[in-house]
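Student: Before I ask anything, let me first share the structure, which is written out below as structure tokens.
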Amino acid sequence: MTDTSPLTTDGLVQILFGSSAFQMLNAGRNLGLFALLSRQPGLTAQEIGRELGLAERPVQILLLGTTALGLTVRQEEGYLNAAVLNNTFEEGTWEIIEDLIEYEERIVRPAEVDFTESLRENTNVGLRRIDGTGTDLYHRLSANPELEQLFYRCMRSWSRLSNPVLIEQADLTGVRRVLDVGGGDGVNAIALAQANPGVEFTVLDLPGTVEIARGKIAEHGLAERISVRAADIFADEYPAGHDCVLFANQLVIWSPEENVRLLRKAHAALPDGGRVLVFNAMSDDSGDGPLYAALDNVYFATLPAASSTIYRWGQYEEWFAAAGFVKPERLPGGRWTPHGVISAVK
């Protein structure tokens with residue numbers, strides 16, 4: 001059970017004006033407020049306005065919002081970034097947060113207005129905000145190259161945020177070759193290859209996507225250890241010769257029935273003793289958290305595919321058993337995002 005405090009009036013205000021709260025964060029990023037205060041902490045409102053090219057009224061609105069939300073802190077007459085934001089600048093991870101904000105702004109926000117209708121219809125109604133005719137986001141992106149590039153750039157940043165969990169928890173001891181099903185632009189295979197020098201990888205995904213992956217793999221000098229293969233992960237057979245199959249941020253997209261289908265295909269492709277690894281955000285079996293998973297489900301309900309959702313740990317164990325896998329093991333990440341690895345053996 002998730003430990004949550006009772007809802008207060010202030011908490012209700014933040015929920016009621018949640019979209020406005022995001023806009024304060026988004027404006028602070030777009031206008032360069034947070035980057036400015038990282039370089040020059042303690043600037044006054046007047047100095048901030050001069051540096052950002054904003055008049056007095058807009059500066060007052062922006063600083064009232066960011067400070068009330070705790071994104072900035074007022075110290076005497078000057079302003080500072082919140083400590084959590086300062087940490088991202090010091091660690092060199094602010095660019096990741098910028099990508100996440102842009103992802104929310106340009107991809108999630110237009111579709112989430114269809115959240116209520118998506119619940120009523122039990123399908124991803126928000127997909128109508130993306131041009132094309134495919135029934136899932138990924139096939140539609142292939143017809144929108146500019147949006148596809150943005151999507152995979154932002155997905156790379158989401159992966160950079162969560163991949164420390166994958167690297168820490170995905171035990172590849174004794175593994176020779178990993179099949180990365182739906183591996184996108186190769187970000188997960190690249191991270192695991194760098195952390196496991198003796199292991200080879202194959203990224204399996206749609207034709208346009210694997211071409212993006214091929215370029216990223218070459219940039220990292222890993223073309224000798226990471227190959228790509230174009231395929232439809234549902235329609236095509238999985239290539240043999242791998243002793244581990246990885247589904248990274250993949251099984252949150254599909255329905256339980258489709259996930260069992262994918263796991264059965266993985267089971268058929270693996271030798272006896274081979275392993276399957278599932279890596280993505282997880283929700284608690286208790287059904288009341290974590291908050292990250294609960295709110296991220298607005299995106300999953302409205303956009304990626306008809307049945308996308310952040311599933312509970314126990315559901316993966318049920319699917320493993322249905323697909324013929326045994327010895328499931330849960331490996332939570334223990335970080336601020338609820339990512340974890342769950343594995344099983346053929």
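Letters A, B, ... go to the chains of the structure tokens in the order shown; residues in each chain start at 1; ligands are counted from 1 in the same order.
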Tell me which protein, DNA and RNA residues are within 10 Å of range 111-114 of chain A, counting only C-alpha atoms, leaving out same-chain ones fewer than 5 positions away, and put them as a PyMOL selection string.
Tutor: chain A and resi 104+106+119-120+124-130+298-303
Student: Please produce an output containing C-alpha atoms for each residue in the selection, written as an mmCIF file, in the first residue's frame.
Tutor:
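Result written to part_31.cif:
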```cif
data_model
loop_
_atom_site.group_PDB
_atom_site.id
_atom_site.type_symbol
_atom_site.label_atom_id
_atom_site.label_comp_id
_atom_site.auth_asym_id
_atom_site.auth_seq_id
_atom_site.Cartn_x
_atom_site.Cartn_y
_atom_site.Cartn_z
ATOM 1 C CA GLU A 104 4.817 16.621 -22.663
ATOM 2 C CA ARG A 106 4.244 18.697 -28.084
ATOM 3 C CA LEU A 119 -11.823 6.048 -20.841
ATOM 4 C CA ARG A 120 -15.393 6.024 -22.154
ATOM 5 C CA ASN A 124 -6.601 5.577 -27.440
ATOM 6 C CA VAL A 125 -8.878 8.332 -28.762
ATOM 7 C CA GLY A 126 -6.039 10.873 -28.523
ATOM 8 C CA LEU A 127 -4.297 9.166 -31.447
ATOM 9 C CA ARG A 128 -6.543 11.244 -33.718
ATOM 10 C CA ARG A 129 -4.258 14.182 -32.907
ATOM 11 C CA ILE A 130 -1.474 12.471 -34.916
ATOM 12 C CA VAL A 298 -3.090 9.579 -18.850
ATOM 13 C CA TYR A 299 -0.586 9.371 -21.723
ATOM 14 C CA PHE A 300 -0.872 5.593 -22.003
ATOM 15 C CA ALA A 301 -4.677 5.715 -22.011
ATOM 16 C CA THR A 302 -4.937 8.369 -24.723
ATOM 17 C CA LEU A 303 -2.132 7.837 -27.222
#
```
Student: Restrict the calculation to only C-alpha atoms, then for each residue of range 208-245 of chain A with any atom at most 12 Å from an atom of range 143-147 of chain A give the closest atom pair and their distance in Å to one decimal, rows by chain and rising residue number, as a Markdown table.
Tutor:
```
| residue | atom | partner | partner_atom | distance |
| --- | --- | --- | --- | --- |
| A:Gly208 | CA | A:Pro145 | CA | 9.2 |
| A:Thr209 | CA | A:Pro145 | CA | 10.4 |
| A:Ile212 | CA | A:Pro145 | CA | 10.9 |
```
Student: Could you give me, as a VMD selection string, each residue of range 95-282 of chain A that DSSP assigns to strand (DSSP E or B) when run on this structure's backbone?
Tutor: chain A and resid 177 to 181 200 to 205 226 to 230 244 to 248 275 to 281
Student: Identify which of the residues A:Trp319, A:Trp158, A:Phe115, A:Phe89 lies closest to Val187 in chain A, counting only C-alpha atoms when measuring atom-to-atom distances.
Tutor: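 So, comparing all the options, the nearest one is A:Trp158.
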Student: List as a list in words the protein and nucleic acid residues near range 242-246 of chain A, meaning an atom at most 7 Å away when only C-alpha atoms are counted, but skip any in the same chain fewer than 4 places from it.
Tutor: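 Result of the neighbour search: Val175, Arg176, Arg177, Val178, Leu179, Asp180, Val181, Ala266, Leu270, Pro271, Gly274, Arg275, Val276, Leu277 and Val278 of chain A.
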Student: For those residues, write N, CA, C and O atoms to a file as a compact mmCIF listing (two decimals), in the first residue's frame.
Tutor:
```txt
# COMPACT_ATOMS: atom_id res chain seq x y z
N VAL A 175 25.16 -14.56 -20.44
CA VAL A 175 24.41 -14.30 -21.67
C VAL A 175 25.38 -13.95 -22.80
O VAL A 175 26.32 -13.19 -22.61
N ARG A 176 25.12 -14.51 -23.98
CA ARG A 176 25.96 -14.23 -25.15
C ARG A 176 25.32 -13.21 -26.08
O ARG A 176 25.96 -12.28 -26.54
N ARG A 177 24.00 -13.40 -26.36
CA ARG A 177 23.34 -12.51 -27.32
C ARG A 177 21.93 -12.17 -26.82
O ARG A 177 21.17 -13.05 -26.41
N VAL A 178 21.61 -10.88 -26.88
CA VAL A 178 20.32 -10.37 -26.43
C VAL A 178 19.52 -9.87 -27.62
O VAL A 178 20.04 -9.11 -28.45
N LEU A 179 18.26 -10.29 -27.71
CA LEU A 179 17.34 -9.76 -28.71
C LEU A 179 16.50 -8.68 -28.04
O LEU A 179 15.72 -8.95 -27.13
N ASP A 180 16.67 -7.45 -28.50
CA ASP A 180 15.97 -6.28 -27.95
C ASP A 180 14.72 -6.03 -28.80
O ASP A 180 14.78 -5.37 -29.83
N VAL A 181 13.59 -6.57 -28.35
CA VAL A 181 12.35 -6.52 -29.13
C VAL A 181 11.69 -5.15 -28.98
O VAL A 181 11.43 -4.70 -27.87
N ALA A 266 8.77 -14.91 -27.73
CA ALA A 266 10.09 -14.91 -27.10
C ALA A 266 10.44 -16.31 -26.60
O ALA A 266 11.58 -16.78 -26.77
N LEU A 270 13.78 -18.76 -27.75
CA LEU A 270 14.85 -18.99 -26.78
C LEU A 270 15.18 -20.47 -26.62
O LEU A 270 14.30 -21.32 -26.73
N PRO A 271 16.43 -20.78 -26.31
CA PRO A 271 16.78 -22.15 -25.95
C PRO A 271 16.35 -22.44 -24.51
O PRO A 271 16.04 -21.51 -23.74
N GLY A 274 17.10 -20.16 -21.43
CA GLY A 274 17.17 -18.77 -21.85
C GLY A 274 16.30 -17.89 -20.98
O GLY A 274 15.35 -18.35 -20.34
N ARG A 275 16.60 -16.60 -20.98
CA ARG A 275 15.91 -15.66 -20.09
C ARG A 275 15.11 -14.62 -20.85
O ARG A 275 15.50 -14.22 -21.95
N VAL A 276 14.04 -14.17 -20.23
CA VAL A 276 13.30 -13.02 -20.72
C VAL A 276 13.39 -11.93 -19.66
O VAL A 276 13.30 -12.21 -18.46
N LEU A 277 13.61 -10.70 -20.11
CA LEU A 277 13.69 -9.55 -19.22
C LEU A 277 12.66 -8.52 -19.66
O LEU A 277 12.60 -8.18 -20.84
N VAL A 278 11.87 -8.04 -18.73
CA VAL A 278 10.92 -6.97 -19.00
C VAL A 278 11.32 -5.77 -18.15
O VAL A 278 11.47 -5.88 -16.93
```
Student: Fewer than 4 positions away in the same chain doesn't count, so skip those; otherwise give me all residues within 10 Å of Arg261 in chain A, counting only C-alpha atoms, as a list in words.
Tutor: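 Here the qualifying residues turn out to be Phe234, Ser255, Pro256, Glu257, Lys265, Ala266, His267, Trp319, Ala322 and Ala323 of chain A.
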Student: Neighbours of Leu206 in chain A within 8 Å (only C-alpha atoms; same-chain residues fewer than 3 positions away dropped), as a PDB file with all heavy atoms, in the first residue's frame?
Tutor:
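So result-v6.pdb came out as:
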```
ATOM      1  N   GLY A 182      11.425  -4.514 -30.130  1.00  0.00           N
ATOM      2  CA  GLY A 182      10.890  -3.159 -30.090  1.00  0.00           C
ATOM      3  C   GLY A 182      11.909  -2.194 -29.530  1.00  0.00           C
ATOM      4  O   GLY A 182      11.562  -1.278 -28.784  1.00  0.00           O
ATOM      5  N   THR A 209      12.480   2.760 -37.982  1.00  0.00           N
ATOM      6  CA  THR A 209      13.067   2.891 -36.656  1.00  0.00           C
ATOM      7  C   THR A 209      14.463   2.276 -36.590  1.00  0.00           C
ATOM      8  O   THR A 209      15.378   2.861 -35.997  1.00  0.00           O
ATOM      9  CB  THR A 209      12.149   2.230 -35.610  1.00  0.00           C
ATOM     10  OG1 THR A 209      10.852   2.820 -35.684  1.00  0.00           O
ATOM     11  CG2 THR A 209      12.704   2.403 -34.209  1.00  0.00           C
ATOM     12  N   VAL A 210      14.644   1.105 -37.208  1.00  0.00           N
ATOM     13  CA  VAL A 210      15.964   0.473 -37.137  1.00  0.00           C
ATOM     14  C   VAL A 210      17.006   1.268 -37.920  1.00  0.00           C
ATOM     15  O   VAL A 210      18.202   1.190 -37.618  1.00  0.00           O
ATOM     16  CB  VAL A 210      15.945  -1.007 -37.579  1.00  0.00           C
ATOM     17  CG1 VAL A 210      15.102  -1.838 -36.643  1.00  0.00           C
ATOM     18  CG2 VAL A 210      15.501  -1.157 -39.028  1.00  0.00           C
ATOM     19  N   ALA A 230      14.915  -5.369 -39.243  1.00  0.00           N
ATOM     20  CA  ALA A 230      13.584  -4.809 -39.435  1.00  0.00           C
ATOM     21  C   ALA A 230      12.539  -5.915 -39.360  1.00  0.00           C
ATOM     22  O   ALA A 230      12.681  -6.967 -39.994  1.00  0.00           O
ATOM     23  CB  ALA A 230      13.502  -4.094 -40.784  1.00  0.00           C
ATOM     24  N   ALA A 231      11.494  -5.674 -38.580  1.00  0.00           N
ATOM     25  CA  ALA A 231      10.427  -6.674 -38.435  1.00  0.00           C
ATOM     26  C   ALA A 231       9.237  -6.037 -37.751  1.00  0.00           C
ATOM     27  O   ALA A 231       9.359  -5.025 -37.052  1.00  0.00           O
ATOM     28  CB  ALA A 231      10.920  -7.878 -37.634  1.00  0.00           C
ATOM     29  N   ASP A 232       8.088  -6.641 -37.959  1.00  0.00           N
ATOM     30  CA  ASP A 232       6.899  -6.352 -37.160  1.00  0.00           C
ATOM     31  C   ASP A 232       6.932  -7.334 -35.995  1.00  0.00           C
ATOM     32  O   ASP A 232       6.926  -8.551 -36.206  1.00  0.00           O
ATOM     33  CB  ASP A 232       5.637  -6.553 -38.007  1.00  0.00           C
ATOM     34  CG  ASP A 232       4.371  -6.202 -37.253  1.00  0.00           C
ATOM     35  OD1 ASP A 232       4.160  -6.755 -36.145  1.00  0.00           O
ATOM     36  OD2 ASP A 232       3.575  -5.395 -37.753  1.00  0.00           O
TER      37      ASP A 232
END
```
Student: Separation of CA of Asp288 in chain A and CA of Asn188 in chain A, in Å?
Tutor: 29.1 Å
Student: Excluding same-chain residues fewer than 4 positions from Ser227 in chain A, what lies within 8 Å of it counting only C-alpha atoms, as number ranges by chain?
Tutor: A: 201-203, 214, 223
Student: Please write the residues from the selection above to a file, keeping C-alpha atoms, as a PDB file, in the first residue's frame.
Tutor:
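Done, and the output landed in again_10.pdb:
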```pdb
ATOM      1  CA  PHE A 201      22.716  -7.435 -29.211  1.00  0.00           C
ATOM      2  CA  THR A 202      20.129  -7.371 -31.993  1.00  0.00           C
ATOM      3  CA  VAL A 203      17.626  -4.501 -32.138  1.00  0.00           C
ATOM      4  CA  ARG A 214      21.736   1.959 -37.062  1.00  0.00           C
ATOM      5  CA  ALA A 223      28.282  -1.668 -34.938  1.00  0.00           C
TER       6      ALA A 223
END
```
